[in-house]
Amino acid sequence: MSFLRREMSTTRGASTTGVQAATGCTYGKGNYKRLHYGKLAIVVYKLDRGAVRVKVKREFLDELKKFEFFKYRAAGVPASQVPKEAVDEVVNYVLSKDYEEMFDYVFLKDFNYKPPKKTLTRVVCSVCGEYVFENYVKIFNGKMLCPHSYDVKRYGERR
Ligand SMILES: [Zn+2]
């Protein structure tokens, strides 16, 4: 079993599908967690094998800026509507690169990750009154809250 933590918040884009396919980690299986760091990096953790953090190289991201494709995207054009030549140009560029030219990876020696325990125990959220599985409970002012109620109380909005 592998575990994946992705440092980018967005659910959009091919990279989400890509990392899920490559690692076998999915939201559905509960071993894929988004960290909301806003970074293009992932941490893959395998029981007994340790953890590795993979990030996209800054130099590589800087190089990508020169391509027309990203000018279209920055202007709000959906990827599916970018002219084919602009798409081909960037795809061919990426395909011409070696893995080492695009990514840095580092093994995390002291990575400490406890997979969420499976539990059937539910507790009542002290804000909304709904049942929530206990391993999702968050504590706020000494009370047990569901993650949604916690976000609303803590940040004033749903996250
Ligand atoms: Zn609640």
# chains A, B, ... in the order shown; residues from 1 in each chain; ligands from 1

$ closest_atom_pairs --of "chain A" --to "ligand 1" --cutoff "9 Å" --atoms "only C-alpha atoms and all ligand atoms" --output "Markdown table"
| residue | atom | partner | partner_atom_place_in_ligand_line | distance |
| --- | --- | --- | --- | --- |
| A:Val124 | CA | ligand 1 | 1 (Zn) | 7.8 |
| A:Cys125 | CA | ligand 1 | 1 (Zn) | 4.6 |
| A:Ser126 | CA | ligand 1 | 1 (Zn) | 6.6 |
| A:Val127 | CA | ligand 1 | 1 (Zn) | 5.0 |
| A:Cys128 | CA | ligand 1 | 1 (Zn) | 4.0 |
| A:Gly129 | CA | ligand 1 | 1 (Zn) | 6.1 |
| A:Glu130 | CA | ligand 1 | 1 (Zn) | 5.8 |
| A:Tyr131 | CA | ligand 1 | 1 (Zn) | 7.8 |
| A:Val132 | CA | ligand 1 | 1 (Zn) | 7.6 |
| A:Met144 | CA | ligand 1 | 1 (Zn) | 8.6 |
| A:Leu145 | CA | ligand 1 | 1 (Zn) | 5.3 |
| A:Cys146 | CA | ligand 1 | 1 (Zn) | 4.2 |
| A:Pro147 | CA | ligand 1 | 1 (Zn) | 6.8 |
| A:His148 | CA | ligand 1 | 1 (Zn) | 5.9 |
| A:Ser149 | CA | ligand 1 | 1 (Zn) | 4.2 |
| A:Tyr150 | CA | ligand 1 | 1 (Zn) | 7.1 |

$ closest_residue --among "A:Met102, A:Lys153, A:Thr119, A:Ile42" --to "Arg58 in chain A" --atoms "only C-alpha atoms"
A:Met102

$ residues_around --residues "Tyr93 in chain A" --least-positions-apart "5" --cutoff "12 Å" --atoms "only C-alpha atoms" --output "PyMOL selection string"
chain A and resi 60+63-64+66-67+69+86-88+98+101-102

$ select_by_dssp --residues "range 73-139 of chain A" --states "strand (DSSP E)" --output "PyMOL selection string"
chain A and resi 103-108+122-124+131-133+138-139

$ write_last_selection --atoms "N, CA and C atoms" --output "mmCIF file, in the first residue's frame"
data_model
loop_
_atom_site.group_PDB
_atom_site.id
_atom_site.type_symbol
_atom_site.label_atom_id
_atom_site.label_comp_id
_atom_site.auth_asym_id
_atom_site.auth_seq_id
_atom_site.Cartn_x
_atom_site.Cartn_y
_atom_site.Cartn_z
ATOM 1 N N PHE A 103 12.471 16.898 -12.641
ATOM 2 C CA PHE A 103 12.124 16.662 -11.239
ATOM 3 C C PHE A 103 13.349 16.536 -10.345
ATOM 4 N N ASP A 104 13.174 16.975 -9.128
ATOM 5 C CA ASP A 104 14.121 16.678 -8.060
ATOM 6 C C ASP A 104 13.417 15.746 -7.090
ATOM 7 N N TYR A 105 14.153 14.816 -6.557
ATOM 8 C CA TYR A 105 13.519 13.999 -5.529
ATOM 9 C C TYR A 105 14.471 13.809 -4.359
ATOM 10 N N VAL A 106 13.886 13.695 -3.203
ATOM 11 C CA VAL A 106 14.695 13.522 -2.002
ATOM 12 C C VAL A 106 13.976 12.527 -1.088
ATOM 13 N N PHE A 107 14.739 11.613 -0.537
ATOM 14 C CA PHE A 107 14.158 10.658 0.400
ATOM 15 C C PHE A 107 14.014 11.310 1.769
ATOM 16 N N LEU A 108 12.883 11.136 2.365
ATOM 17 C CA LEU A 108 12.598 11.781 3.645
ATOM 18 C C LEU A 108 12.897 10.792 4.770
ATOM 19 N N ARG A 122 -18.712 6.593 15.400
ATOM 20 C CA ARG A 122 -19.146 7.921 15.000
ATOM 21 C C ARG A 122 -19.428 8.756 16.240
ATOM 22 N N VAL A 123 -19.166 10.034 16.105
ATOM 23 C CA VAL A 123 -19.526 10.952 17.192
ATOM 24 C C VAL A 123 -20.396 12.056 16.587
ATOM 25 N N VAL A 124 -21.148 12.709 17.441
ATOM 26 C CA VAL A 124 -22.016 13.793 16.981
ATOM 27 C C VAL A 124 -21.240 15.104 16.994
ATOM 28 N N TYR A 131 -23.649 13.064 12.528
ATOM 29 C CA TYR A 131 -22.620 12.075 12.853
ATOM 30 C C TYR A 131 -21.398 12.268 11.965
ATOM 31 N N VAL A 132 -20.228 12.075 12.535
ATOM 32 C CA VAL A 132 -18.991 12.100 11.760
ATOM 33 C C VAL A 132 -18.095 10.998 12.315
ATOM 34 N N PHE A 133 -17.423 10.272 11.429
ATOM 35 C CA PHE A 133 -16.521 9.220 11.890
ATOM 36 C C PHE A 133 -15.408 9.843 12.735
ATOM 37 N N LYS A 138 -12.340 17.061 14.389
ATOM 38 C CA LYS A 138 -11.362 18.097 14.745
ATOM 39 C C LYS A 138 -11.824 18.762 16.032
ATOM 40 N N ILE A 139 -10.849 19.112 16.841
ATOM 41 C CA ILE A 139 -11.171 19.721 18.130
ATOM 42 C C ILE A 139 -11.101 21.239 18.015
#

$ atom_distance --atom1 "CA of Tyr136 in chain A" --atom2 "CA of Leu40 in chain A"
26.1 Å

$ atom_distance --atom1 "CA of Glu68 in chain A" --atom2 "CA of Leu95 in chain A"
16.8 Å

$ atom_distance --atom1 "CA of Gly38 in chain A" --atom2 "CA of Val82 in chain A"
24.6 Å
